[in-house]
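What's in work-v8.cif: mmCIF, C-alpha atoms
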```cif
data_target
loop_
_atom_site.label_atom_id
_atom_site.label_comp_id
_atom_site.auth_asym_id
_atom_site.auth_seq_id
_atom_site.Cartn_x
_atom_site.Cartn_y
_atom_site.Cartn_z
CA MET A 1 0.00 0.00 0.00
CA LYS A 2 1.18 3.48 -0.87
CA VAL A 3 0.22 6.42 1.33
CA ARG A 4 0.56 9.90 -0.06
CA THR A 5 1.13 12.48 2.65
CA ASP A 6 1.77 15.72 0.77
CA PHE A 7 -0.65 17.99 -1.10
CA VAL A 8 -2.89 16.17 -3.57
CA THR A 9 -4.66 17.95 -6.43
CA ASN A 10 -7.60 16.74 -8.42
CA SER A 11 -7.51 17.95 -12.00
CA SER A 12 -9.84 17.05 -14.79
CA SER A 13 -10.86 17.65 -18.35
CA THR A 14 -14.39 17.10 -19.60
CA SER A 15 -16.00 16.89 -23.01
CA PHE A 16 -18.76 19.02 -24.49
CA VAL A 17 -20.79 18.74 -27.68
CA ILE A 18 -21.98 21.68 -29.78
CA ILE A 19 -24.28 21.36 -32.79
CA THR A 20 -25.03 24.43 -34.88
CA THR A 21 -27.23 25.08 -37.88
CA GLY A 22 -24.62 27.55 -39.18
CA ASP A 23 -21.40 28.95 -37.80
CA PHE A 24 -20.91 29.12 -34.02
CA GLU A 25 -21.65 32.83 -33.73
CA ARG A 26 -21.16 34.84 -30.55
CA ALA A 27 -24.58 36.51 -30.82
CA ASP A 28 -26.32 33.12 -31.19
CA PHE A 29 -24.39 31.75 -28.20
CA PHE A 30 -25.38 34.72 -26.03
CA GLU A 31 -29.01 34.28 -27.05
CA LEU A 32 -28.80 30.59 -26.15
CA MET A 33 -27.34 31.31 -22.71
CA GLY A 34 -29.76 34.17 -21.97
CA VAL A 35 -27.29 37.05 -21.86
CA PRO A 36 -28.45 40.31 -23.52
CA LYS A 37 -25.89 42.86 -24.79
CA ASN A 38 -26.38 45.17 -21.80
CA SER A 39 -25.98 42.49 -19.10
CA PRO A 40 -23.05 42.81 -16.67
CA LEU A 41 -22.45 39.10 -17.30
CA VAL A 42 -21.28 39.69 -20.88
CA PRO A 43 -17.52 39.48 -20.05
CA LEU A 44 -18.02 36.16 -18.22
CA PHE A 45 -19.87 34.57 -21.15
CA ASP A 46 -17.41 36.11 -23.58
CA ALA A 47 -14.67 34.23 -21.75
CA LEU A 48 -16.67 31.00 -21.98
CA TYR A 49 -17.42 31.59 -25.68
CA TYR A 50 -13.76 32.05 -26.54
CA HIS A 51 -12.74 28.97 -24.53
CA LEU A 52 -15.33 26.89 -26.39
CA GLN A 53 -14.37 28.35 -29.74
CA ALA A 54 -10.70 27.58 -29.13
CA GLU A 55 -11.34 24.02 -27.97
CA MET A 56 -14.12 22.76 -30.26
CA HIS A 57 -13.30 20.50 -33.19
CA PRO A 58 -15.27 18.78 -35.94
CA ILE A 59 -15.98 15.18 -34.88
CA GLU A 60 -13.32 13.41 -36.93
CA GLU A 61 -10.70 16.01 -36.11
CA TYR A 62 -11.49 15.61 -32.39
CA PHE A 63 -10.93 11.86 -32.49
CA GLN A 64 -7.72 12.28 -34.45
CA LEU A 65 -6.52 14.85 -31.95
CA TYR A 66 -7.54 13.23 -28.67
CA ARG A 67 -7.86 9.53 -29.49
CA ARG A 68 -5.40 9.29 -32.36
CA ALA A 69 -8.15 7.43 -34.18
CA VAL A 70 -9.10 7.69 -37.83
CA GLY A 71 -12.45 6.60 -39.30
CA LYS A 72 -15.07 4.62 -37.37
CA TRP A 73 -16.04 7.83 -35.64
CA LEU A 74 -19.56 6.54 -35.02
CA GLU A 75 -18.14 3.72 -32.97
CA LEU A 76 -15.88 6.14 -31.14
CA LEU A 77 -18.82 8.42 -30.43
CA GLN A 78 -20.83 5.52 -29.04
CA ASN A 79 -17.98 4.67 -26.69
CA GLU A 80 -17.80 8.20 -25.38
CA PHE A 81 -21.34 9.62 -25.33
CA ALA A 82 -24.88 8.64 -24.41
CA ASP A 83 -27.08 7.18 -27.16
CA GLU A 84 -29.25 10.30 -27.37
CA VAL A 85 -26.22 12.50 -27.95
CA VAL A 86 -24.84 10.17 -30.63
CA GLU A 87 -28.24 10.15 -32.31
CA ARG A 88 -28.35 13.94 -32.28
CA ILE A 89 -24.91 14.16 -33.86
CA VAL A 90 -25.80 11.64 -36.55
CA GLU A 91 -29.05 13.46 -37.33
CA ALA A 92 -27.22 16.79 -37.40
CA GLU A 93 -24.69 15.48 -39.91
CA LYS A 94 -27.51 14.15 -42.10
CA ALA A 95 -29.26 17.53 -41.98
CA GLY A 96 -26.08 19.33 -43.01
CA HIS A 97 -25.61 20.94 -39.61
CA LYS A 98 -22.23 21.26 -37.95
CA ALA A 99 -21.27 19.07 -35.00
CA PHE A 100 -18.29 19.70 -32.75
CA ILE A 101 -16.72 18.08 -29.72
CA GLY A 102 -14.28 19.77 -27.40
CA LYS A 103 -12.69 19.65 -24.01
CA LEU A 104 -12.46 22.06 -21.11
CA ALA A 105 -9.76 21.65 -18.47
CA SER A 106 -9.81 22.38 -14.77
CA ASP A 107 -6.08 22.71 -14.30
CA ASP A 108 -5.01 25.37 -16.81
CA GLY A 109 -5.02 28.07 -14.13
CA ASP A 110 -8.14 29.68 -15.56
CA GLN A 111 -10.96 29.79 -13.00
CA ILE A 112 -13.70 30.40 -15.56
CA GLU A 113 -12.68 27.41 -17.68
CA ALA A 114 -12.31 25.30 -14.53
CA PHE A 115 -15.81 26.21 -13.36
CA PHE A 116 -17.48 25.36 -16.67
CA CYS A 117 -15.33 22.25 -16.96
CA THR A 118 -17.17 20.87 -13.94
CA ASP A 119 -20.64 22.33 -14.48
CA SER A 120 -23.11 19.88 -15.96
CA PHE A 121 -25.90 21.25 -18.16
CA GLU A 122 -27.64 21.03 -21.53
CA VAL A 123 -29.18 23.97 -23.39
CA GLU A 124 -30.59 24.40 -26.87
CA ASN A 125 -32.51 26.74 -29.10
CA GLU A 126 -33.29 26.68 -32.82
CA LYS A 127 -29.67 27.53 -33.77
CA ILE A 128 -27.43 25.80 -31.21
CA TYR A 129 -27.45 22.62 -29.12
CA PHE A 130 -24.87 22.74 -26.32
CA ASN A 131 -24.35 19.61 -24.25
CA ALA A 132 -22.07 19.87 -21.24
CA LEU A 133 -23.61 16.96 -19.36
CA ASP A 134 -20.28 15.15 -19.29
CA CYS A 135 -18.88 18.11 -17.36
CA ALA A 136 -18.94 16.67 -13.87
CA TRP A 137 -16.61 15.04 -11.42
CA MET B 1 -14.99 42.10 -0.78
CA ILE B 2 -14.54 38.41 -1.50
CA LEU B 3 -11.63 36.89 0.35
CA GLU B 4 -10.45 33.38 -0.52
CA LEU B 5 -9.48 31.84 2.81
CA ASP B 6 -8.42 28.61 1.15
CA ILE B 7 -9.36 26.68 -1.97
CA THR B 8 -12.78 25.77 -0.58
CA LYS B 9 -13.77 28.61 1.77
CA LEU B 10 -14.63 32.28 1.31
CA LEU B 11 -15.12 35.27 3.56
CA VAL B 12 -17.48 37.82 2.03
CA VAL B 13 -17.98 41.41 3.17
CA PHE B 14 -20.75 43.50 1.64
CA ASP B 15 -22.72 46.58 2.62
CA ARG B 16 -25.71 44.31 3.16
CA ARG B 17 -27.26 40.96 2.20
CA TYR B 18 -28.81 41.56 -1.21
CA SER B 19 -32.02 39.73 -2.12
CA LEU B 20 -32.17 37.33 -5.05
CA SER B 21 -34.75 39.46 -6.86
CA GLU B 22 -32.62 42.63 -6.80
CA PHE B 23 -29.44 40.71 -7.68
CA ARG B 24 -31.27 39.06 -10.57
CA THR B 25 -32.67 42.37 -11.82
CA ALA B 26 -29.23 44.01 -11.75
CA SER B 27 -27.77 41.05 -13.66
CA GLN B 28 -30.15 41.69 -16.57
CA VAL B 29 -30.22 38.12 -17.82
CA VAL B 30 -33.14 36.35 -19.51
CA PRO B 31 -35.47 34.74 -16.93
CA GLY B 32 -35.34 30.95 -17.05
CA SER B 33 -32.10 30.85 -19.03
CA TYR B 34 -28.82 29.14 -18.07
CA ALA B 35 -27.39 32.57 -17.17
CA ASP B 36 -30.37 33.18 -14.89
CA GLU B 37 -29.73 29.91 -13.09
CA LEU B 38 -26.06 30.78 -12.73
CA VAL B 39 -26.95 34.19 -11.29
CA GLU B 40 -29.10 32.47 -8.67
CA ARG B 41 -26.28 30.10 -7.75
CA ILE B 42 -23.82 32.99 -7.43
CA HIS B 43 -26.33 34.87 -5.30
CA ASN B 44 -26.88 31.87 -3.06
CA CYS B 45 -23.15 31.39 -2.63
CA LEU B 46 -22.52 35.04 -1.72
CA PHE B 47 -25.67 36.06 0.14
CA LYS B 48 -27.97 33.17 1.01
CA TYR B 49 -25.72 30.42 2.37
CA PRO B 50 -22.90 32.33 4.15
CA ARG B 51 -22.91 32.13 7.94
CA ASP B 52 -23.10 35.57 9.57
CA ILE B 53 -19.83 35.55 11.48
CA LEU B 54 -20.34 38.92 13.11
CA ALA B 55 -23.46 37.48 14.78
CA GLU B 56 -21.45 34.34 15.59
CA TYR B 57 -18.74 36.47 17.18
CA GLU B 58 -21.17 38.51 19.24
CA LYS B 59 -23.06 35.44 20.43
CA TYR B 60 -20.25 33.04 21.20
CA TYR B 61 -16.79 34.57 20.95
CA ALA B 62 -16.88 38.18 22.16
CA VAL B 63 -15.75 37.11 25.63
CA GLU B 64 -12.91 35.05 24.22
CA TYR B 65 -11.22 37.57 21.89
CA SER B 66 -10.23 41.15 22.57
CA ASP B 67 -12.01 42.37 19.47
CA PHE B 68 -13.51 41.21 16.16
CA ALA B 69 -10.23 41.70 14.27
CA GLU B 70 -8.48 39.26 16.62
CA PHE B 71 -11.34 36.81 16.16
CA LEU B 72 -10.95 37.04 12.36
CA TYR B 73 -7.21 36.57 12.63
CA TRP B 74 -7.20 33.60 15.01
CA LYS B 75 -10.36 31.74 13.99
CA TYR B 76 -10.45 32.42 10.24
CA ARG B 77 -6.76 33.17 9.58
CA VAL B 78 -7.56 36.54 8.01
CA ASP B 79 -4.52 38.77 7.54
CA ARG B 80 -4.32 41.30 10.41
CA ASP B 81 -4.48 44.38 8.14
CA ILE B 82 -7.52 43.08 6.31
CA ALA B 83 -9.12 42.04 9.60
CA GLN B 84 -8.69 45.62 10.86
CA LYS B 85 -10.24 47.04 7.69
CA ILE B 86 -13.22 44.70 7.98
CA THR B 87 -13.63 45.54 11.65
CA ALA B 88 -13.63 49.26 10.83
CA ARG B 89 -16.69 48.70 8.65
CA ILE B 90 -18.80 47.05 11.36
CA SER B 91 -20.32 50.37 12.37
CA ASP B 92 -21.70 50.71 8.82
CA GLY B 93 -23.79 47.58 9.40
CA VAL B 94 -21.93 45.47 6.86
CA PHE B 95 -22.67 41.81 6.23
CA ILE B 96 -19.71 39.54 6.95
CA GLY B 97 -20.22 35.95 5.87
CA TYR B 98 -18.29 32.69 5.81
CA CYS B 99 -19.16 30.14 3.14
CA ARG B 100 -18.10 27.28 0.94
CA ASN B 101 -16.61 28.35 -2.38
CA SER B 102 -19.19 26.48 -4.47
CA ILE B 103 -18.78 28.63 -7.60
CA TRP B 104 -14.98 28.36 -7.85
CA MET B 105 -14.45 31.37 -10.09
CA LEU B 106 -15.51 34.22 -7.79
CA THR B 107 -11.99 35.59 -7.34
CA ASP B 108 -11.24 35.51 -11.07
CA GLU B 109 -10.46 38.98 -12.42
CA THR B 110 -13.25 38.91 -15.02
CA VAL B 111 -15.84 37.58 -12.58
CA THR B 112 -14.76 40.13 -9.96
CA ALA B 113 -15.40 42.91 -12.49
CA VAL B 114 -18.81 41.42 -13.33
CA LEU B 115 -19.78 41.29 -9.64
CA LYS B 116 -18.47 44.79 -9.07
CA ARG B 117 -20.74 46.14 -11.79
CA ILE B 118 -23.81 44.27 -10.51
CA LEU B 119 -23.21 45.39 -6.93
CA SER B 120 -22.42 48.93 -7.99
CA ASP B 121 -25.81 49.06 -9.72
CA LEU B 122 -27.31 47.99 -6.39
CA GLY B 123 -25.56 50.83 -4.57
CA GLU B 124 -22.72 48.86 -2.98
CA LYS B 125 -20.03 51.25 -1.82
CA GLY B 126 -17.38 48.97 -0.35
CA ASN B 127 -17.32 46.28 -3.01
CA GLU B 128 -13.58 46.15 -3.57
CA SER B 129 -12.39 42.60 -4.11
CA SER B 130 -9.33 40.94 -2.75
CA ASP B 131 -7.76 37.55 -3.15
#
```
Could you quickly redo this structure as structure tokens?
Amino acid sequence: MKVRTDFVTNSSSTSFVIITTGDFERADFFELMGVPKNSPLVPLFDALYYHLQAEMHPIEEYFQLYRRAVGKWLELLQNEFADEVVERIVEAEKAGHKAFIGKLASDDGDQIEAFFCTDSFEVENEKIYFNALDCAW
Amino acid sequence: MILELDITKLLVVFDRRYSLSEFRTASQVVPGSYADELVERIHNCLFKYPRDILAEYEKYYAVEYSDFAEFLYWKYRVDRDIAQKITARISDGVFIGYCRNSIWMLTDETVTAVLKRILSDLGEKGNESSD
């Protein structure tokens, strides 16, 4: 048995899924999250938007990047996400919508990213579906 | 003022305990949205759940410590200078709370600026933040 006696940290990274009917626009994202232009919360959601934008990848690119896997992305999706989410992604691709997967990290020294990395939620409107249900410890 | 005592605990000092409805109104988010839910969680963390430690001091510890600043220093490990500044504000009827840091990002620079604007709209005078 090993006993660790010094400081122990608990870091994490969690996946999110974004499906859009067009490009992932800031204005659409703010509408989805319920943040009007005049809200004091704009800078906070701006930070989240730019984190998402920087970390989201088209499905196949995501699996190449994080799983070093090529092809068979449906199988890879099924291993990683709930059936309903996989179904949504498949339907989105059929409809010509854009589907992305990304990761947020809790240990990059950014408190905003760390918070959303561990906050579990799902929101959608007619333009964007944002699934962060995997974001939990 | 939001003071991070350690990674999981906060000390908050505000002019008063703001209600959820006024905090929500000042936040100007869409009712029922994700942002609205987040605003409620931030409010609960800062104003609903914190234990009133001035009341705690007066009820249980006033006989044990020479003054409130000493109590803050010894029981909550608040820096002596900051403890003195907080103590100086007692006469203004400030709310001094101790709570779990359930939102994680409250001492982030961007979030601090967001809170400062919301509280300023509510008339908060002493809302400087410190880490």
Query raised in the report: B:Tyr34, B:Phe23, B:Trp104, B:Tyr18: which is nearest Leu32 in chain A, counting only C-alpha atoms?
Result: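 Among B:Tyr34, B:Phe23, B:Trp104, B:Tyr18, it is B:Tyr34 that comes nearest to Leu32 in chain A.
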Query raised in the report: Applied to the shown file, which residues does the PyMOL selection byres ((chain B and resi 3) around 12) return, written as a PyMOL selection string?
Result: chain B and resi 1-2+4-14+46+76-79+82-83+86+96-101+106-108+112+127-131
Query raised in the report: Exactly which residues make up the result of the PyMOL selection byres ((chain B) within 10 of (chain A)) on this file, given as a count of residues only?
Result: 32
Query - Å distance separating CA of Phe24 in chain A from CA of Lys103 in chain A, one decimal place - result: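 If I compute the distance from CA of Phe24 in chain A to CA of Lys103 in chain A, I get 16.0 Å.
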Query raised in the report: If you measure from CA of Thr87 in chain B to CA of Phe68 in chain B, what distance in Å do you get, rounded to one decimal?
Result: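 Taking CA of Thr87 in chain B as the start and CA of Phe68 in chain B as the end point, the length is 6.3 Å.
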Report task. Find the distance between CA of Ala88 in chain B and CA of Ser21 in chain B and write it in Å to one decimal. Result ->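 Computing the Euclidean distance for CA of Ala88 in chain B and CA of Ser21 in chain B yields 29.2 Å.
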Near Lys127 in chain A, counting only C-alpha atoms, which residues have an atom at most 9 Å away, once you skip same-chain residues fewer than 3 positions from it, shown as a CSV table (one decimal) with C-alpha atoms, in the frame of the given file?
```csv
chain,number,residue,atom,x,y,z
A,19,ILE,CA,-24.3,21.4,-32.8
A,20,THR,CA,-25.0,24.4,-34.9
A,21,THR,CA,-27.2,25.1,-37.9
A,22,GLY,CA,-24.6,27.6,-39.2
A,24,PHE,CA,-20.9,29.1,-34.0
A,28,ASP,CA,-26.3,33.1,-31.2
A,29,PHE,CA,-24.4,31.8,-28.2
A,32,LEU,CA,-28.8,30.6,-26.2
A,124,GLU,CA,-30.6,24.4,-26.9
```
**Report entry** Nearest to Ile18 in chain A by atom-to-atom distance, counting all atoms listed in the file, from A:Gly71, A:Gly109, A:Gly96, A:Pro58
**Finding:**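 Using all atoms listed in the file, Ile18 in chain A sits closest to A:Pro58.
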Query - Residue members of the PyMOL selection byres ((chain A and resi 14-16) around 7) in the file shown, as a ChimeraX atom specification - result: /A:12-13,17-18,101-105,117,131-132,134-135
Query - Distance criterion (only C-alpha atoms): nearest to Tyr50 in chain A out of A:Glu87, A:Glu25, A:Ala92, A:Tyr62 - result: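 Counting only C-alpha atoms, the residue closest to Tyr50 in chain A is A:Glu25.
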